[in-house]
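Structure first, then comments.
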Amino acid sequence: MRGREPPVSCSSCGRTVPRNKAVVDERAIRFSTEQKEAEVSYFSTRKVYYCISCAKHRGIFQKKAEQAARMAARRQGM
Ligand SMILES: [Zn+2]
């Protein structure tokens with residue numbers, strides 16, 4: 001069924017938030033595995049969900065606003 005997404009929990013305060021109201025912060029993590037022959041390091045992105053108040057507290061909204069402003073500027077330039 002579509003339209004009903006499972007809730008996510010805020011990774012800061014642990015509150016359960018509906019996914020459409022959660023703020024997603026995507027961050028890159030580097031893994032490195034040190035083995036005898038192969039030394040592999042690779043990047044992965046991890047999605048971290050925050051509730052709105054925690055997102056505000058951490059300044060994630062500012063980041064999003066910056067991105068939006070950049071997009072708007074790009075649109076105006078065209
Ligand atoms: Zn929270």
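How things are named: the first chain in the structure tokens is A, the next is B, and so on; residues count from 1 in each chain; ligands count from 1 in the order shown.
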(request) Write as a list of chain:residue names the residues around ligand 1, taking 8 Å as the cut-off and counting only C-alpha atoms and all ligand atoms. (result)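 Going residue by residue within 8 Å of ligand 1, we get A:Ser9, A:Cys10, A:Ser11, A:Ser12, A:Cys13, A:Gly14, A:Arg15, A:Tyr50, A:Cys51, A:Ile52, A:Ser53, A:Cys54, A:Ala55.
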Residues just named, written with N, CA and C atoms as a PDB file, in the first residue's frame:
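Listed below is the output, result.pdb:
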ATOM      1  N   SER A   9      12.410   7.144  14.113  1.00  0.00           N
ATOM      2  CA  SER A   9      12.691   7.713  15.428  1.00  0.00           C
ATOM      3  C   SER A   9      13.825   8.723  15.321  1.00  0.00           C
ATOM      4  N   CYS A  10      13.659   9.801  16.024  1.00  0.00           N
ATOM      5  CA  CYS A  10      14.663  10.851  16.040  1.00  0.00           C
ATOM      6  C   CYS A  10      15.939  10.302  16.660  1.00  0.00           C
ATOM      7  N   SER A  11      17.051  10.504  15.976  1.00  0.00           N
ATOM      8  CA  SER A  11      18.288   9.924  16.490  1.00  0.00           C
ATOM      9  C   SER A  11      18.899  10.793  17.575  1.00  0.00           C
ATOM     10  N   SER A  12      18.278  11.909  17.873  1.00  0.00           N
ATOM     11  CA  SER A  12      18.792  12.745  18.954  1.00  0.00           C
ATOM     12  C   SER A  12      18.013  12.526  20.245  1.00  0.00           C
ATOM     13  N   CYS A  13      16.690  12.581  20.153  1.00  0.00           N
ATOM     14  CA  CYS A  13      15.909  12.463  21.384  1.00  0.00           C
ATOM     15  C   CYS A  13      15.116  11.157  21.426  1.00  0.00           C
ATOM     16  N   GLY A  14      15.085  10.430  20.310  1.00  0.00           N
ATOM     17  CA  GLY A  14      14.425   9.131  20.326  1.00  0.00           C
ATOM     18  C   GLY A  14      12.925   9.180  20.131  1.00  0.00           C
ATOM     19  N   ARG A  15      12.403  10.350  19.905  1.00  0.00           N
ATOM     20  CA  ARG A  15      10.969  10.481  19.701  1.00  0.00           C
ATOM     21  C   ARG A  15      10.568   9.877  18.363  1.00  0.00           C
ATOM     22  N   TYR A  50      15.829  13.338  12.255  1.00  0.00           N
ATOM     23  CA  TYR A  50      15.630  14.156  13.439  1.00  0.00           C
ATOM     24  C   TYR A  50      14.199  14.654  13.467  1.00  0.00           C
ATOM     25  N   CYS A  51      13.677  14.831  14.658  1.00  0.00           N
ATOM     26  CA  CYS A  51      12.403  15.505  14.761  1.00  0.00           C
ATOM     27  C   CYS A  51      12.637  16.995  14.532  1.00  0.00           C
ATOM     28  N   ILE A  52      11.554  17.724  14.367  1.00  0.00           N
ATOM     29  CA  ILE A  52      11.692  19.113  13.945  1.00  0.00           C
ATOM     30  C   ILE A  52      12.433  19.944  14.976  1.00  0.00           C
ATOM     31  N   SER A  53      12.146  19.707  16.248  1.00  0.00           N
ATOM     32  CA  SER A  53      12.805  20.537  17.260  1.00  0.00           C
ATOM     33  C   SER A  53      14.295  20.247  17.328  1.00  0.00           C
ATOM     34  N   CYS A  54      14.668  18.984  17.178  1.00  0.00           N
ATOM     35  CA  CYS A  54      16.090  18.655  17.195  1.00  0.00           C
ATOM     36  C   CYS A  54      16.785  19.192  15.944  1.00  0.00           C
ATOM     37  N   ALA A  55      16.076  19.176  14.824  1.00  0.00           N
ATOM     38  CA  ALA A  55      16.643  19.709  13.590  1.00  0.00           C
ATOM     39  C   ALA A  55      16.914  21.198  13.741  1.00  0.00           C
TER      40      ALA A  55
END
Could you name the residues that touch Val48 (chain A) at 7 Å or less, counting only C-alpha atoms, but leaving out those on the same chain fewer than 4 positions away, as a PDB file with C-alpha atoms, in the first residue's frame?
ATOM      1  CA  SER A  11      18.288   9.924  16.490  1.00  0.00           C
ATOM      2  CA  VAL A  24      16.712  13.880   7.085  1.00  0.00           C
ATOM      3  CA  ASP A  25      20.375  14.567   7.464  1.00  0.00           C
ATOM      4  CA  GLU A  26      22.500  12.577   5.119  1.00  0.00           C
TER       5      GLU A  26
END
Using the chain letters and numbers from this document, which residues of region 27-75 of chain A does DSSP assign to helix (DSSP H, G or I), as a compact mmCIF listing (two decimals) with N, CA and C atoms, in the first residue's frame?
# COMPACT_ATOMS: atom_id res chain seq x y z
N ILE A 52 11.55 17.72 14.37
CA ILE A 52 11.69 19.11 13.95
C ILE A 52 12.43 19.94 14.98
N SER A 53 12.15 19.71 16.25
CA SER A 53 12.80 20.54 17.26
C SER A 53 14.29 20.25 17.33
N CYS A 54 14.67 18.98 17.18
CA CYS A 54 16.09 18.65 17.20
C CYS A 54 16.78 19.19 15.94
N ALA A 55 16.08 19.18 14.82
CA ALA A 55 16.64 19.71 13.59
C ALA A 55 16.91 21.20 13.74
N LYS A 56 15.98 21.88 14.36
CA LYS A 56 16.17 23.31 14.61
C LYS A 56 17.38 23.52 15.51
N HIS A 57 17.44 22.71 16.54
CA HIS A 57 18.50 22.84 17.53
C HIS A 57 19.87 22.63 16.89
N ARG A 58 19.93 21.72 15.95
CA ARG A 58 21.21 21.38 15.33
C ARG A 58 21.53 22.20 14.10
N ILE A 60 20.02 22.16 11.20
CA ILE A 60 19.85 21.47 9.93
C ILE A 60 18.93 22.27 9.02
N PHE A 61 17.98 22.94 9.62
CA PHE A 61 17.07 23.76 8.83
C PHE A 61 17.83 24.85 8.10
N GLN A 62 18.84 25.41 8.75
CA GLN A 62 19.63 26.45 8.10
C GLN A 62 20.29 25.91 6.84
N LYS A 63 20.81 24.70 6.97
CA LYS A 63 21.46 24.07 5.83
C LYS A 63 20.47 23.92 4.68
N LYS A 64 19.27 23.45 5.03
CA LYS A 64 18.24 23.23 4.01
C LYS A 64 17.86 24.56 3.37
N ALA A 65 17.75 25.59 4.17
CA ALA A 65 17.37 26.90 3.66
C ALA A 65 18.44 27.41 2.71
N GLU A 66 19.70 27.16 3.05
CA GLU A 66 20.79 27.56 2.17
C GLU A 66 20.69 26.87 0.83
N GLN A 67 20.40 25.59 0.87
CA GLN A 67 20.26 24.83 -0.36
C GLN A 67 19.12 25.38 -1.19
N ALA A 68 18.02 25.68 -0.55
CA ALA A 68 16.85 26.20 -1.24
C ALA A 68 17.17 27.54 -1.88
N ALA A 69 17.91 28.38 -1.16
CA ALA A 69 18.28 29.69 -1.67
C ALA A 69 19.17 29.54 -2.90
N ARG A 70 20.06 28.57 -2.82
CA ARG A 70 20.98 28.34 -3.95
C ARG A 70 20.18 27.90 -5.18
N MET A 71 19.22 27.03 -4.94
CA MET A 71 18.38 26.54 -6.04
C MET A 71 17.61 27.69 -6.67
N ALA A 72 17.06 28.57 -5.83
CA ALA A 72 16.28 29.70 -6.31
C ALA A 72 17.16 30.64 -7.14
N ALA A 73 18.39 30.85 -6.66
CA ALA A 73 19.32 31.72 -7.37
C ALA A 73 19.64 31.12 -8.74
N ARG A 74 19.80 29.82 -8.76
CA ARG A 74 20.10 29.15 -10.02
C ARG A 74 18.94 29.32 -11.01
N ARG A 75 17.75 29.22 -10.46
CA ARG A 75 16.56 29.35 -11.31
C ARG A 75 16.44 30.76 -11.87
(message) My list of candidates is A:Pro7, A:Arg27, A:Gly59, A:Pro18. Which is closest to Ser44 (chain A) when distances are computed with only C-alpha atoms?
(response)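 Ranking A:Pro7, A:Arg27, A:Gly59, A:Pro18 by distance to Ser44 (chain A), first place goes to A:Arg27.
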(request) Enter the distance from CA of Glu5 (chain A) to CA of Ala28 (chain A), in Å, rounded to one decimal. (result)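 About the pair CA of Glu5 (chain A) and CA of Ala28 (chain A): they are 24.4 Å apart.
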(request) Enter the distance from CA of Phe43 (chain A) to CA of Val8 (chain A), in Å, rounded to one decimal. (result)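 Distance reported for this atom pair: 23.7 Å.
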(request) Would you please extract all strand (DSSP E or B) residues from chain A, as assigned by DSSP on the backbone, and give them as an NGL selection string? (result) :A and (8-9 or 16-17 or 23-34 or 39-50)
I need the chosen residues saved as a PDB file, in the first residue's frame, with N, CA and C atoms.
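To be explicit, this is the file written out as out27.pdb:
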ATOM      1  N   VAL A   8       9.672   7.080  11.800  1.00  0.00           N
ATOM      2  CA  VAL A   8      11.084   6.934  12.122  1.00  0.00           C
ATOM      3  C   VAL A   8      11.312   7.517  13.504  1.00  0.00           C
ATOM      4  N   SER A   9      12.410   7.144  14.113  1.00  0.00           N
ATOM      5  CA  SER A   9      12.691   7.713  15.428  1.00  0.00           C
ATOM      6  C   SER A   9      13.825   8.723  15.321  1.00  0.00           C
ATOM      7  N   THR A  16       9.392   9.306  18.315  1.00  0.00           N
ATOM      8  CA  THR A  16       8.900   8.746  17.062  1.00  0.00           C
ATOM      9  C   THR A  16       8.234   9.843  16.241  1.00  0.00           C
ATOM     10  N   VAL A  17       8.691   9.975  15.014  1.00  0.00           N
ATOM     11  CA  VAL A  17       8.213  11.044  14.148  1.00  0.00           C
ATOM     12  C   VAL A  17       7.685  10.427  12.864  1.00  0.00           C
ATOM     13  N   VAL A  23      13.152  15.335   9.637  1.00  0.00           N
ATOM     14  CA  VAL A  23      14.174  16.022   8.864  1.00  0.00           C
ATOM     15  C   VAL A  23      15.321  15.045   8.658  1.00  0.00           C
ATOM     16  N   VAL A  24      15.689  14.855   7.404  1.00  0.00           N
ATOM     17  CA  VAL A  24      16.712  13.880   7.085  1.00  0.00           C
ATOM     18  C   VAL A  24      18.046  14.581   6.937  1.00  0.00           C
ATOM     19  N   ASP A  25      19.021  14.066   7.619  1.00  0.00           N
ATOM     20  CA  ASP A  25      20.375  14.567   7.464  1.00  0.00           C
ATOM     21  C   ASP A  25      21.200  13.424   6.911  1.00  0.00           C
ATOM     22  N   GLU A  26      21.739  13.647   5.746  1.00  0.00           N
ATOM     23  CA  GLU A  26      22.500  12.577   5.119  1.00  0.00           C
ATOM     24  C   GLU A  26      23.979  12.848   5.317  1.00  0.00           C
ATOM     25  N   ARG A  27      24.646  11.896   5.874  1.00  0.00           N
ATOM     26  CA  ARG A  27      26.065  12.126   6.119  1.00  0.00           C
ATOM     27  C   ARG A  27      26.894  10.963   5.590  1.00  0.00           C
ATOM     28  N   ALA A  28      28.078  11.311   5.144  1.00  0.00           N
ATOM     29  CA  ALA A  28      28.948  10.297   4.568  1.00  0.00           C
ATOM     30  C   ALA A  28      29.825   9.707   5.661  1.00  0.00           C
ATOM     31  N   ILE A  29      29.949   8.432   5.611  1.00  0.00           N
ATOM     32  CA  ILE A  29      30.795   7.738   6.580  1.00  0.00           C
ATOM     33  C   ILE A  29      31.827   6.935   5.796  1.00  0.00           C
ATOM     34  N   ARG A  30      33.025   6.928   6.303  1.00  0.00           N
ATOM     35  CA  ARG A  30      34.048   6.138   5.627  1.00  0.00           C
ATOM     36  C   ARG A  30      34.356   4.901   6.449  1.00  0.00           C
ATOM     37  N   PHE A  31      34.219   3.804   5.793  1.00  0.00           N
ATOM     38  CA  PHE A  31      34.583   2.547   6.431  1.00  0.00           C
ATOM     39  C   PHE A  31      35.960   2.152   5.934  1.00  0.00           C
ATOM     40  N   SER A  32      36.703   1.552   6.782  1.00  0.00           N
ATOM     41  CA  SER A  32      37.947   0.987   6.282  1.00  0.00           C
ATOM     42  C   SER A  32      38.149  -0.386   6.911  1.00  0.00           C
ATOM     43  N   THR A  33      38.452  -1.299   6.076  1.00  0.00           N
ATOM     44  CA  THR A  33      38.706  -2.648   6.573  1.00  0.00           C
ATOM     45  C   THR A  33      40.167  -2.971   6.339  1.00  0.00           C
ATOM     46  N   GLU A  34      40.835  -3.292   7.381  1.00  0.00           N
ATOM     47  CA  GLU A  34      42.251  -3.605   7.259  1.00  0.00           C
ATOM     48  C   GLU A  34      42.440  -5.110   7.374  1.00  0.00           C
ATOM     49  N   GLU A  39      43.358  -3.850   1.602  1.00  0.00           N
ATOM     50  CA  GLU A  39      42.968  -2.771   2.490  1.00  0.00           C
ATOM     51  C   GLU A  39      41.923  -1.933   1.762  1.00  0.00           C
ATOM     52  N   VAL A  40      40.730  -2.103   2.170  1.00  0.00           N
ATOM     53  CA  VAL A  40      39.636  -1.485   1.430  1.00  0.00           C
ATOM     54  C   VAL A  40      39.031  -0.376   2.273  1.00  0.00           C
ATOM     55  N   SER A  41      38.852   0.727   1.642  1.00  0.00           N
ATOM     56  CA  SER A  41      38.098   1.778   2.319  1.00  0.00           C
ATOM     57  C   SER A  41      37.015   2.253   1.363  1.00  0.00           C
ATOM     58  N   TYR A  42      35.859   2.418   1.875  1.00  0.00           N
ATOM     59  CA  TYR A  42      34.772   2.854   1.011  1.00  0.00           C
ATOM     60  C   TYR A  42      33.847   3.775   1.779  1.00  0.00           C
ATOM     61  N   PHE A  43      33.133   4.543   1.015  1.00  0.00           N
ATOM     62  CA  PHE A  43      32.231   5.498   1.622  1.00  0.00           C
ATOM     63  C   PHE A  43      30.809   4.973   1.590  1.00  0.00           C
ATOM     64  N   SER A  44      30.098   5.369   2.563  1.00  0.00           N
ATOM     65  CA  SER A  44      28.683   5.040   2.590  1.00  0.00           C
ATOM     66  C   SER A  44      27.942   6.235   3.149  1.00  0.00           C
ATOM     67  N   THR A  45      26.709   6.357   2.759  1.00  0.00           N
ATOM     68  CA  THR A  45      25.915   7.443   3.330  1.00  0.00           C
ATOM     69  C   THR A  45      24.902   6.855   4.287  1.00  0.00           C
ATOM     70  N   ARG A  46      24.764   7.531   5.373  1.00  0.00           N
ATOM     71  CA  ARG A  46      23.814   7.082   6.374  1.00  0.00           C
ATOM     72  C   ARG A  46      22.777   8.176   6.555  1.00  0.00           C
ATOM     73  N   LYS A  47      21.544   7.770   6.533  1.00  0.00           N
ATOM     74  CA  LYS A  47      20.489   8.759   6.726  1.00  0.00           C
ATOM     75  C   LYS A  47      20.138   8.824   8.194  1.00  0.00           C
ATOM     76  N   VAL A  48      20.189  10.030   8.694  1.00  0.00           N
ATOM     77  CA  VAL A  48      19.864  10.244  10.097  1.00  0.00           C
ATOM     78  C   VAL A  48      18.601  11.083  10.159  1.00  0.00           C
ATOM     79  N   TYR A  49      17.652  10.632  10.953  1.00  0.00           N
ATOM     80  CA  TYR A  49      16.390  11.355  11.054  1.00  0.00           C
ATOM     81  C   TYR A  49      16.342  12.129  12.353  1.00  0.00           C
ATOM     82  N   TYR A  50      15.829  13.338  12.255  1.00  0.00           N
ATOM     83  CA  TYR A  50      15.630  14.156  13.439  1.00  0.00           C
ATOM     84  C   TYR A  50      14.199  14.654  13.467  1.00  0.00           C
TER      85      TYR A  50
END
